file structure-v4.pdb (PDB, C-alpha atoms, pLDDT in the B column)
ATOM      1  CA  MET A   9     104.152 115.941  83.272  1.00 81.00           C
ATOM      2  CA  ILE A  10     103.819 117.053  86.912  1.00 85.00           C
ATOM      3  CA  GLN A  11     100.054 116.629  86.691  1.00 88.00           C
ATOM      4  CA  THR A  12     100.548 113.105  85.311  1.00 88.00           C
ATOM      5  CA  ILE A  13     102.870 112.144  88.183  1.00 88.00           C
ATOM      6  CA  LEU A  14     100.456 113.618  90.745  1.00 89.00           C
ATOM      7  CA  HIS A  15      97.565 111.711  89.173  1.00 90.00           C
ATOM      8  CA  ALA A  16      99.514 108.436  89.265  1.00 88.00           C
ATOM      9  CA  THR A  17     100.627 109.020  92.873  1.00 89.00           C
ATOM     10  CA  LEU A  18      97.138 109.743  94.207  1.00 87.00           C
ATOM     11  CA  LEU A  19      95.598 106.892  92.222  1.00 85.00           C
ATOM     12  CA  SER A  20      98.220 104.367  93.370  1.00 86.00           C
ATOM     13  CA  PHE A  21      97.967 105.317  97.025  1.00 81.00           C
ATOM     14  CA  GLY A  22      94.191 105.181  96.817  1.00 81.00           C
ATOM     15  CA  LEU A  23      94.351 101.615  95.507  1.00 79.00           C
ATOM     16  CA  ILE A  24      97.136 100.288  97.722  1.00 80.00           C
ATOM     17  CA  LEU A  25      96.212 101.830 101.098  1.00 74.00           C
ATOM     18  CA  PRO A  26      93.144  99.671 101.947  1.00 69.00           C
ATOM     19  CA  LEU A  27      94.015  96.758 104.225  1.00 63.00           C
ATOM     20  CA  GLY A  28      94.071  93.468 102.341  1.00 71.00           C
ATOM     21  CA  VAL A  29      95.834  90.111 102.159  1.00 76.00           C
ATOM     22  CA  GLN A  30      98.956  91.476 100.509  1.00 84.00           C
ATOM     23  CA  ASN A  31      99.383  94.385 102.930  1.00 86.00           C
ATOM     24  CA  VAL A  32      98.690  92.201 105.962  1.00 81.00           C
ATOM     25  CA  PHE A  33     101.323  89.662 104.925  1.00 84.00           C
ATOM     26  CA  ILE A  34     104.021  92.293 104.339  1.00 91.00           C
ATOM     27  CA  PHE A  35     103.211  93.949 107.668  1.00 88.00           C
ATOM     28  CA  GLN A  36     103.304  90.576 109.446  1.00 82.00           C
ATOM     29  CA  GLN A  37     106.681  89.699 108.004  1.00 86.00           C
ATOM     30  CA  GLY A  38     108.075  93.034 109.117  1.00 88.00           C
ATOM     31  CA  ALA A  39     106.657  92.486 112.601  1.00 83.00           C
ATOM     32  CA  THR A  40     107.675  88.866 113.101  1.00 79.00           C
ATOM     33  CA  GLN A  41     111.041  88.494 111.398  1.00 82.00           C
ATOM     34  CA  LYS A  42     114.006  88.958 113.754  1.00 79.00           C
ATOM     35  CA  LYS A  43     115.626  91.480 111.407  1.00 84.00           C
ATOM     36  CA  PHE A  44     114.167  93.779 108.745  1.00 87.00           C
ATOM     37  CA  ILE A  45     116.431  92.283 106.097  1.00 90.00           C
ATOM     38  CA  ARG A  46     114.776  88.878 106.634  1.00 90.00           C
ATOM     39  CA  ALA A  47     111.441  90.359 105.542  1.00 91.00           C
ATOM     40  CA  LEU A  48     112.900  91.601 102.252  1.00 94.00           C
ATOM     41  CA  PRO A  49     111.997  88.468 100.221  1.00 94.00           C
ATOM     42  CA  ALA A  50     108.308  89.181 100.839  1.00 93.00           C
ATOM     43  CA  VAL A  51     108.727  92.905 100.177  1.00 95.00           C
ATOM     44  CA  LEU A  52     110.670  92.400  96.935  1.00 96.00           C
ATOM     45  CA  THR A  53     108.301  89.707  95.667  1.00 96.00           C
ATOM     46  CA  ALA A  54     105.181  91.806  96.292  1.00 94.00           C
ATOM     47  CA  SER A  55     106.829  94.845  94.693  1.00 95.00           C
ATOM     48  CA  LEU A  56     107.967  92.897  91.627  1.00 95.00           C
ATOM     49  CA  CYS A  57     104.510  91.349  91.220  1.00 93.00           C
ATOM     50  CA  ASP A  58     102.897  94.785  91.341  1.00 92.00           C
ATOM     51  CA  THR A  59     105.477  96.024  88.842  1.00 93.00           C
ATOM     52  CA  LEU A  60     104.498  93.182  86.509  1.00 92.00           C
ATOM     53  CA  LEU A  61     100.752  93.850  86.875  1.00 90.00           C
ATOM     54  CA  ILE A  62     101.147  97.600  86.369  1.00 91.00           C
ATOM     55  CA  THR A  63     103.328  97.056  83.296  1.00 91.00           C
ATOM     56  CA  LEU A  64     100.787  94.635  81.818  1.00 87.00           C
ATOM     57  CA  SER A  65      97.939  97.037  82.560  1.00 85.00           C
ATOM     58  CA  VAL A  66      99.615 100.052  80.955  1.00 87.00           C
ATOM     59  CA  THR A  67     100.652  98.063  77.871  1.00 84.00           C
ATOM     60  CA  GLY A  68      97.061  97.045  77.166  1.00 76.00           C
ATOM     61  CA  VAL A  69      96.641  93.547  78.585  1.00 70.00           C
ATOM     62  CA  SER A  70      93.804  94.926  80.730  1.00 62.00           C
ATOM     63  CA  VAL A  71      91.652  95.238  77.630  1.00 64.00           C
ATOM     64  CA  LEU A  72      91.925  91.488  76.945  1.00 69.00           C
ATOM     65  CA  ILE A  73      90.923  90.508  80.484  1.00 65.00           C
ATOM     66  CA  LEU A  74      88.152  93.011  81.054  1.00 63.00           C
ATOM     67  CA  THR A  75      86.501  92.385  77.683  1.00 71.00           C
ATOM     68  CA  SER A  76      86.478  88.590  78.102  1.00 72.00           C
ATOM     69  CA  PRO A  77      83.480  87.529  80.227  1.00 77.00           C
ATOM     70  CA  TYR A  78      84.907  84.008  80.621  1.00 79.00           C
ATOM     71  CA  LEU A  79      88.286  85.199  81.920  1.00 76.00           C
ATOM     72  CA  LYS A  80      86.655  87.711  84.223  1.00 73.00           C
ATOM     73  CA  THR A  81      84.190  85.144  85.608  1.00 80.00           C
ATOM     74  CA  ALA A  82      86.956  82.577  86.157  1.00 80.00           C
ATOM     75  CA  LEU A  83      89.131  85.193  87.855  1.00 74.00           C
ATOM     76  CA  LEU A  84      86.346  86.332  90.170  1.00 76.00           C
ATOM     77  CA  SER A  85      85.249  82.778  91.030  1.00 82.00           C
ATOM     78  CA  PHE A  86      88.746  81.683  91.939  1.00 79.00           C
ATOM     79  CA  GLY A  87      89.335  84.897  93.828  1.00 76.00           C
ATOM     80  CA  ILE A  88      86.248  84.545  95.988  1.00 81.00           C
ATOM     81  CA  LEU A  89      87.390  81.101  97.109  1.00 84.00           C
ATOM     82  CA  PHE A  90      90.971  82.296  97.590  1.00 80.00           C
ATOM     83  CA  LEU A  91      89.977  85.318  99.685  1.00 78.00           C
ATOM     84  CA  THR A  92      87.538  83.285 101.779  1.00 85.00           C
ATOM     85  CA  TYR A  93      90.310  80.810 102.589  1.00 83.00           C
ATOM     86  CA  MET A  94      92.885  83.536 103.287  1.00 78.00           C
ATOM     87  CA  GLY A  95      90.410  85.339 105.540  1.00 80.00           C
ATOM     88  CA  TRP A  96      89.936  82.176 107.574  1.00 84.00           C
ATOM     89  CA  GLN A  97      93.676  81.554 107.856  1.00 78.00           C
ATOM     90  CA  THR A  98      94.198  85.149 108.987  1.00 75.00           C
ATOM     91  CA  TRP A  99      91.315  85.015 111.486  1.00 81.00           C
ATOM     92  CA  LYS A 100      92.402  81.841 113.266  1.00 77.00           C
ATOM     93  CA  ALA A 101      96.105  82.758 113.620  1.00 67.00           C
ATOM     94  CA  LYS A 102      97.084  82.482 117.290  1.00 62.00           C
ATOM     95  CA  SER A 103      99.567  84.527 119.274  1.00 51.00           C
ATOM     96  CA  SER A 104     102.088  81.685 119.355  1.00 48.00           C
ATOM     97  CA  GLU A 105     101.846  81.260 115.576  1.00 51.00           C
ATOM     98  CA  ILE A 106     102.365  84.969 114.983  1.00 50.00           C
ATOM     99  CA  THR A 107     105.341  85.373 117.308  1.00 49.00           C
ATOM    100  CA  SER A 108     107.017  82.268 115.867  1.00 50.00           C
ATOM    101  CA  ASN A 109     106.238  83.257 112.300  1.00 49.00           C
ATOM    102  CA  GLN A 110     109.896  83.896 111.546  1.00 47.00           C
ATOM    103  CA  ASP A 111     110.503  80.157 111.901  1.00 48.00           C
ATOM    104  CA  ASN A 112     107.532  79.218 109.682  1.00 55.00           C
ATOM    105  CA  PHE A 113     108.292  81.514 106.759  1.00 69.00           C
ATOM    106  CA  SER A 114     111.584  80.749 105.089  1.00 79.00           C
ATOM    107  CA  VAL A 115     112.776  82.784 102.101  1.00 86.00           C
ATOM    108  CA  LYS A 116     111.097  80.301  99.744  1.00 87.00           C
ATOM    109  CA  LYS A 117     107.795  80.383 101.651  1.00 84.00           C
ATOM    110  CA  GLN A 118     107.849  84.174 101.776  1.00 88.00           C
ATOM    111  CA  ILE A 119     108.352  84.389  98.018  1.00 91.00           C
ATOM    112  CA  LEU A 120     105.651  81.815  97.232  1.00 88.00           C
ATOM    113  CA  PHE A 121     103.112  83.312  99.623  1.00 85.00           C
ATOM    114  CA  ALA A 122     103.781  86.920  98.582  1.00 89.00           C
ATOM    115  CA  ALA A 123     103.486  85.916  94.918  1.00 89.00           C
ATOM    116  CA  SER A 124     100.216  84.075  95.551  1.00 84.00           C
ATOM    117  CA  VAL A 125      98.542  86.950  97.432  1.00 82.00           C
ATOM    118  CA  SER A 126      99.761  89.361  94.749  1.00 85.00           C
ATOM    119  CA  LEU A 127      99.034  87.449  91.545  1.00 82.00           C
ATOM    120  CA  LEU A 128      96.096  85.257  92.638  1.00 76.00           C
ATOM    121  CA  ASN A 129      94.140  88.032  94.351  1.00 75.00           C
ATOM    122  CA  PRO A 130      91.460  89.154  91.858  1.00 73.00           C
ATOM    123  CA  HIS A 131      90.729  92.337  93.791  1.00 71.00           C
ATOM    124  CA  ALA A 132      94.355  93.438  93.387  1.00 74.00           C
ATOM    125  CA  ILE A 133      94.391  92.343  89.749  1.00 75.00           C
ATOM    126  CA  LEU A 134      91.169  94.160  88.889  1.00 74.00           C
ATOM    127  CA  ASP A 135      92.420  97.271  90.698  1.00 75.00           C
ATOM    128  CA  THR A 136      95.787  97.211  88.976  1.00 78.00           C
ATOM    129  CA  ILE A 137      94.773  96.099  85.510  1.00 73.00           C
ATOM    130  CA  GLY A 138      91.300  97.616  85.491  1.00 73.00           C
ATOM    131  CA  VAL A 139      91.775 100.962  87.229  1.00 81.00           C
ATOM    132  CA  ILE A 140      95.415 101.761  86.449  1.00 85.00           C
ATOM    133  CA  GLY A 141      95.119 100.346  82.928  1.00 81.00           C
ATOM    134  CA  THR A 142      92.009 102.378  82.210  1.00 78.00           C
ATOM    135  CA  ASN A 143      93.500 105.586  83.636  1.00 83.00           C
ATOM    136  CA  SER A 144      96.669 105.141  81.581  1.00 86.00           C
ATOM    137  CA  LEU A 145      94.684 105.253  78.325  1.00 79.00           C
ATOM    138  CA  GLN A 146      94.549 109.050  78.455  1.00 82.00           C
ATOM    139  CA  TYR A 147      98.338 109.292  78.192  1.00 86.00           C
ATOM    140  CA  ASP A 148     100.820 108.649  75.391  1.00 85.00           C
ATOM    141  CA  GLY A 149     104.581 108.487  74.999  1.00 87.00           C
ATOM    142  CA  ASN A 150     106.624 109.981  77.822  1.00 90.00           C
ATOM    143  CA  GLU A 151     103.549 110.827  79.860  1.00 91.00           C
ATOM    144  CA  LYS A 152     102.384 107.211  79.824  1.00 90.00           C
ATOM    145  CA  SER A 153     105.868 106.086  80.858  1.00 91.00           C
ATOM    146  CA  ALA A 154     105.920 108.631  83.697  1.00 93.00           C
ATOM    147  CA  PHE A 155     102.477 107.442  84.791  1.00 92.00           C
ATOM    148  CA  ALA A 156     103.593 103.798  84.901  1.00 92.00           C
ATOM    149  CA  ILE A 157     106.928 104.512  86.616  1.00 94.00           C
ATOM    150  CA  THR A 158     105.212 106.620  89.281  1.00 95.00           C
ATOM    151  CA  CYS A 159     102.652 103.886  90.004  1.00 93.00           C
ATOM    152  CA  ILE A 160     105.454 101.345  90.309  1.00 94.00           C
ATOM    153  CA  ALA A 161     107.526 103.645  92.557  1.00 95.00           C
ATOM    154  CA  VAL A 162     104.570 104.200  94.896  1.00 94.00           C
ATOM    155  CA  SER A 163     104.122 100.438  95.169  1.00 93.00           C
ATOM    156  CA  TRP A 164     107.762  99.843  96.101  1.00 95.00           C
ATOM    157  CA  ILE A 165     107.828 102.717  98.621  1.00 95.00           C
ATOM    158  CA  TRP A 166     104.589 101.495 100.212  1.00 94.00           C
ATOM    159  CA  PHE A 167     105.691  97.895 100.733  1.00 95.00           C
ATOM    160  CA  ILE A 168     109.067  98.915 102.150  1.00 96.00           C
ATOM    161  CA  SER A 169     107.367 101.388 104.502  1.00 95.00           C
ATOM    162  CA  LEU A 170     104.794  98.781 105.526  1.00 93.00           C
ATOM    163  CA  ALA A 171     107.497  96.286 106.478  1.00 93.00           C
ATOM    164  CA  ILE A 172     109.346  98.977 108.448  1.00 94.00           C
ATOM    165  CA  ALA A 173     106.109  99.864 110.276  1.00 92.00           C
ATOM    166  CA  GLY A 174     105.579  96.185 111.023  1.00 88.00           C
ATOM    167  CA  ARG A 175     109.114  95.884 112.364  1.00 88.00           C
ATOM    168  CA  THR A 176     108.498  98.843 114.687  1.00 89.00           C
ATOM    169  CA  VAL A 177     105.275  97.304 115.986  1.00 85.00           C
ATOM    170  CA  GLY A 178     106.970  93.904 116.335  1.00 79.00           C
ATOM    171  CA  LYS A 179     109.597  95.343 118.686  1.00 80.00           C
ATOM    172  CA  ILE A 180     106.871  96.790 120.912  1.00 81.00           C
ATOM    173  CA  ASP A 181     104.352  93.937 120.680  1.00 67.00           C
ATOM    174  CA  GLN A 182     106.457  91.006 121.849  1.00 65.00           C
ATOM    175  CA  SER A 183     103.395  88.997 122.912  1.00 67.00           C
ATOM    176  CA  GLY A 184     101.724  89.205 119.514  1.00 65.00           C
ATOM    177  CA  LYS A 185      98.416  90.406 121.008  1.00 74.00           C
ATOM    178  CA  PHE A 186      98.272  93.529 118.849  1.00 75.00           C
ATOM    179  CA  MET A 187      98.911  91.433 115.738  1.00 72.00           C
ATOM    180  CA  ILE A 188      95.976  89.204 116.668  1.00 78.00           C
ATOM    181  CA  ILE A 189      93.704  92.262 116.694  1.00 80.00           C
ATOM    182  CA  ILE A 190      95.141  93.359 113.340  1.00 75.00           C
ATOM    183  CA  ASN A 191      94.511  89.863 111.974  1.00 75.00           C
ATOM    184  CA  LYS A 192      90.871  89.858 113.097  1.00 82.00           C
ATOM    185  CA  ILE A 193      90.237  93.230 111.477  1.00 79.00           C
ATOM    186  CA  SER A 194      92.107  92.151 108.347  1.00 75.00           C
ATOM    187  CA  ALA A 195      90.113  88.915 108.073  1.00 81.00           C
ATOM    188  CA  ILE A 196      86.835  90.839 108.220  1.00 84.00           C
ATOM    189  CA  ILE A 197      88.033  93.229 105.512  1.00 78.00           C
ATOM    190  CA  ILE A 198      89.203  90.312 103.349  1.00 77.00           C
ATOM    191  CA  TRP A 199      85.795  88.642 103.681  1.00 85.00           C
ATOM    192  CA  CYS A 200      84.085  91.930 102.800  1.00 82.00           C
ATOM    193  CA  ILE A 201      86.174  92.066  99.626  1.00 76.00           C
ATOM    194  CA  ALA A 202      85.130  88.477  98.824  1.00 79.00           C
ATOM    195  CA  ILE A 203      81.459  89.403  99.325  1.00 85.00           C
ATOM    196  CA  TYR A 204      81.922  92.456  97.102  1.00 77.00           C
ATOM    197  CA  LEU A 205      83.420  90.261  94.362  1.00 75.00           C
ATOM    198  CA  LEU A 206      80.594  87.725  94.771  1.00 83.00           C
ATOM    199  CA  LYS A 207      78.050  90.515  94.353  1.00 81.00           C
ATOM    200  CA  GLY A 208      79.824  91.605  91.167  1.00 74.00           C
ATOM    201  CA  LEU A 209      79.840  88.018  89.894  1.00 75.00           C
ATOM    202  CA  ILE A 210      76.110  87.516  90.540  1.00 81.00           C
ATOM    203  CA  ILE A 211      74.978  90.890  89.196  1.00 75.00           C
ATOM    204  CA  GLY A 212      77.444  90.698  86.336  1.00 60.00           C
TER     205      GLY A 212
END
call {"tool": "encode", "arguments": {"input": "structure-v4.pdb", "output": "structure tokens"}}
result
Amino acid sequence: MIQTILHATLLSFGLILPLGVQNVFIFQQGATQKKFIRALPAVLTASLCDTLLITLSVTGVSVLILTSPYLKTALLSFGILFLTYMGWQTWKAKSSEITSNQDNFSVKKQILFAASVSLLNPHAILDTIGVIGTNSLQYDGNEKSAFAITCIAVSWIWFISLAIAGRTVGKIDQSGKFMIIINKISAIIIWCIAIYLLKGLIIG
């Protein structure tokens, strides 16, 4: 059981650590909201979405998606367009937009945006459903449950920690200049992910 939990922990951190749209948004909300509690809608939404994807992957839905060329092609095609757009939005964000972000993102907007970057991001879906789902096949019964629960716990801990880190940076970076640098780097990474997905779509 301990080996199963360790496997799930390392796998989950390996998948969730790379900088992407979802992580950037959670970090931004932590940095720009006046209080940490006001960033919780984004944190909870992202965590719940990951919980849903992990649950679906472990229960076998991954097999349906990964074995259907039409679903996979549609998912990748939409995702490439989505990531390209999100990369552009992240790249062009100005200091004034970042520092006033708490006024632009209400609870409803946080929930909708966090859900979109979690559930409409094919890279995250393929990671969660493809990698976690495939790795869970080697377990049964209590071990499979422990594997799934650990993956979910890592996701929740990560998003909460990311928002806290963002809040810490936000207190120091009042001008928003550091966040602009983070956004530029994030946009490049997001575009690289889109290119990677496009390569996979072309090669098949």
call {"tool": "resolve_selection", "arguments": {"input": "structure-v4.pdb", "expression": "the PyMOL selection byres ((chain A and resi 145-152) around 12)", "output": "count of residues only"}}
result
32
call {"tool": "residues_around", "arguments": {"input": "structure-v4.pdb", "residues": "Leu206 (chain A)", "least_positions_apart": "5", "cutoff": "12 Å", "atoms": "only C-alpha atoms", "output": "list in words"}}
result
Thr81, Ala82, Leu83, Leu84, Ser85, Phe86, Gly87, Ile88, Leu89, Leu91, Thr92, Pro130, His131, Trp199, Cys200, Ile201, Ile211 and Gly212 of chain A
call {"tool": "atom_distance", "arguments": {"input": "structure-v4.pdb", "atom1": "CA of Gly174 (chain A)", "atom2": "CA of Trp96 (chain A)"}}
result
21.3 Å
call {"tool": "atom_distance", "arguments": {"input": "structure-v4.pdb", "atom1": "CA of Gly178 (chain A)", "atom2": "CA of Tyr93 (chain A)"}}
result
25.3 Å
call {"tool": "residues_around", "arguments": {"input": "structure-v4.pdb", "residues": "Lys179 (chain A)", "least_positions_apart": "6", "cutoff": "10 Å", "atoms": "all atoms listed in the file", "output": "number ranges by chain"}}
result
A: 38-40, 42
call {"tool": "atom_distance", "arguments": {"input": "structure-v4.pdb", "atom1": "CA of Ile188 (chain A)", "atom2": "CA of Val32 (chain A)"}}
result
11.4 Å
call {"tool": "residues_around", "arguments": {"input": "structure-v4.pdb", "residues": "Gly28 (chain A)", "least_positions_apart": "2", "cutoff": "9 Å", "atoms": "all atoms listed in the file", "output": "list in words"}}
result
Ile24, Leu25, Pro26, Gln30, Asn31, Val32, Phe33, Ala132, Ser194, Ala195, Ile197, Ile198 and Ile201 of chain A
call {"tool": "closest_residue", "arguments": {"input": "structure-v4.pdb", "among": "A:Leu18, A:Ala54, A:Ile196, A:Val115", "to": "Leu128 (chain A)", "atoms": "all atoms listed in the file"}}
result
A:Ala54
call {"tool": "resolve_selection", "arguments": {"input": "structure-v4.pdb", "expression": "the PyMOL selection byres ((chain A and resi 50) around 9)", "output": "ChimeraX atom specification"}}
result
/A:33-34,37,46-49,51-55,115,117-123
call {"tool": "closest_residue", "arguments": {"input": "structure-v4.pdb", "among": "A:Phe44, A:Tyr204, A:Gly22, A:Leu56", "to": "Trp164 (chain A)", "atoms": "only C-alpha atoms"}}
result
A:Leu56
call {"tool": "axis_aligned_box", "arguments": {"input": "structure-v4.pdb", "around": "region 115-123 of chain A", "padding_each_side": "6 Å", "output": "JSON"}}
result
{"center_x": 107.9, "center_y": 83.6, "center_z": 98.5, "size_x": 21.7, "size_y": 18.6, "size_z": 19.2}
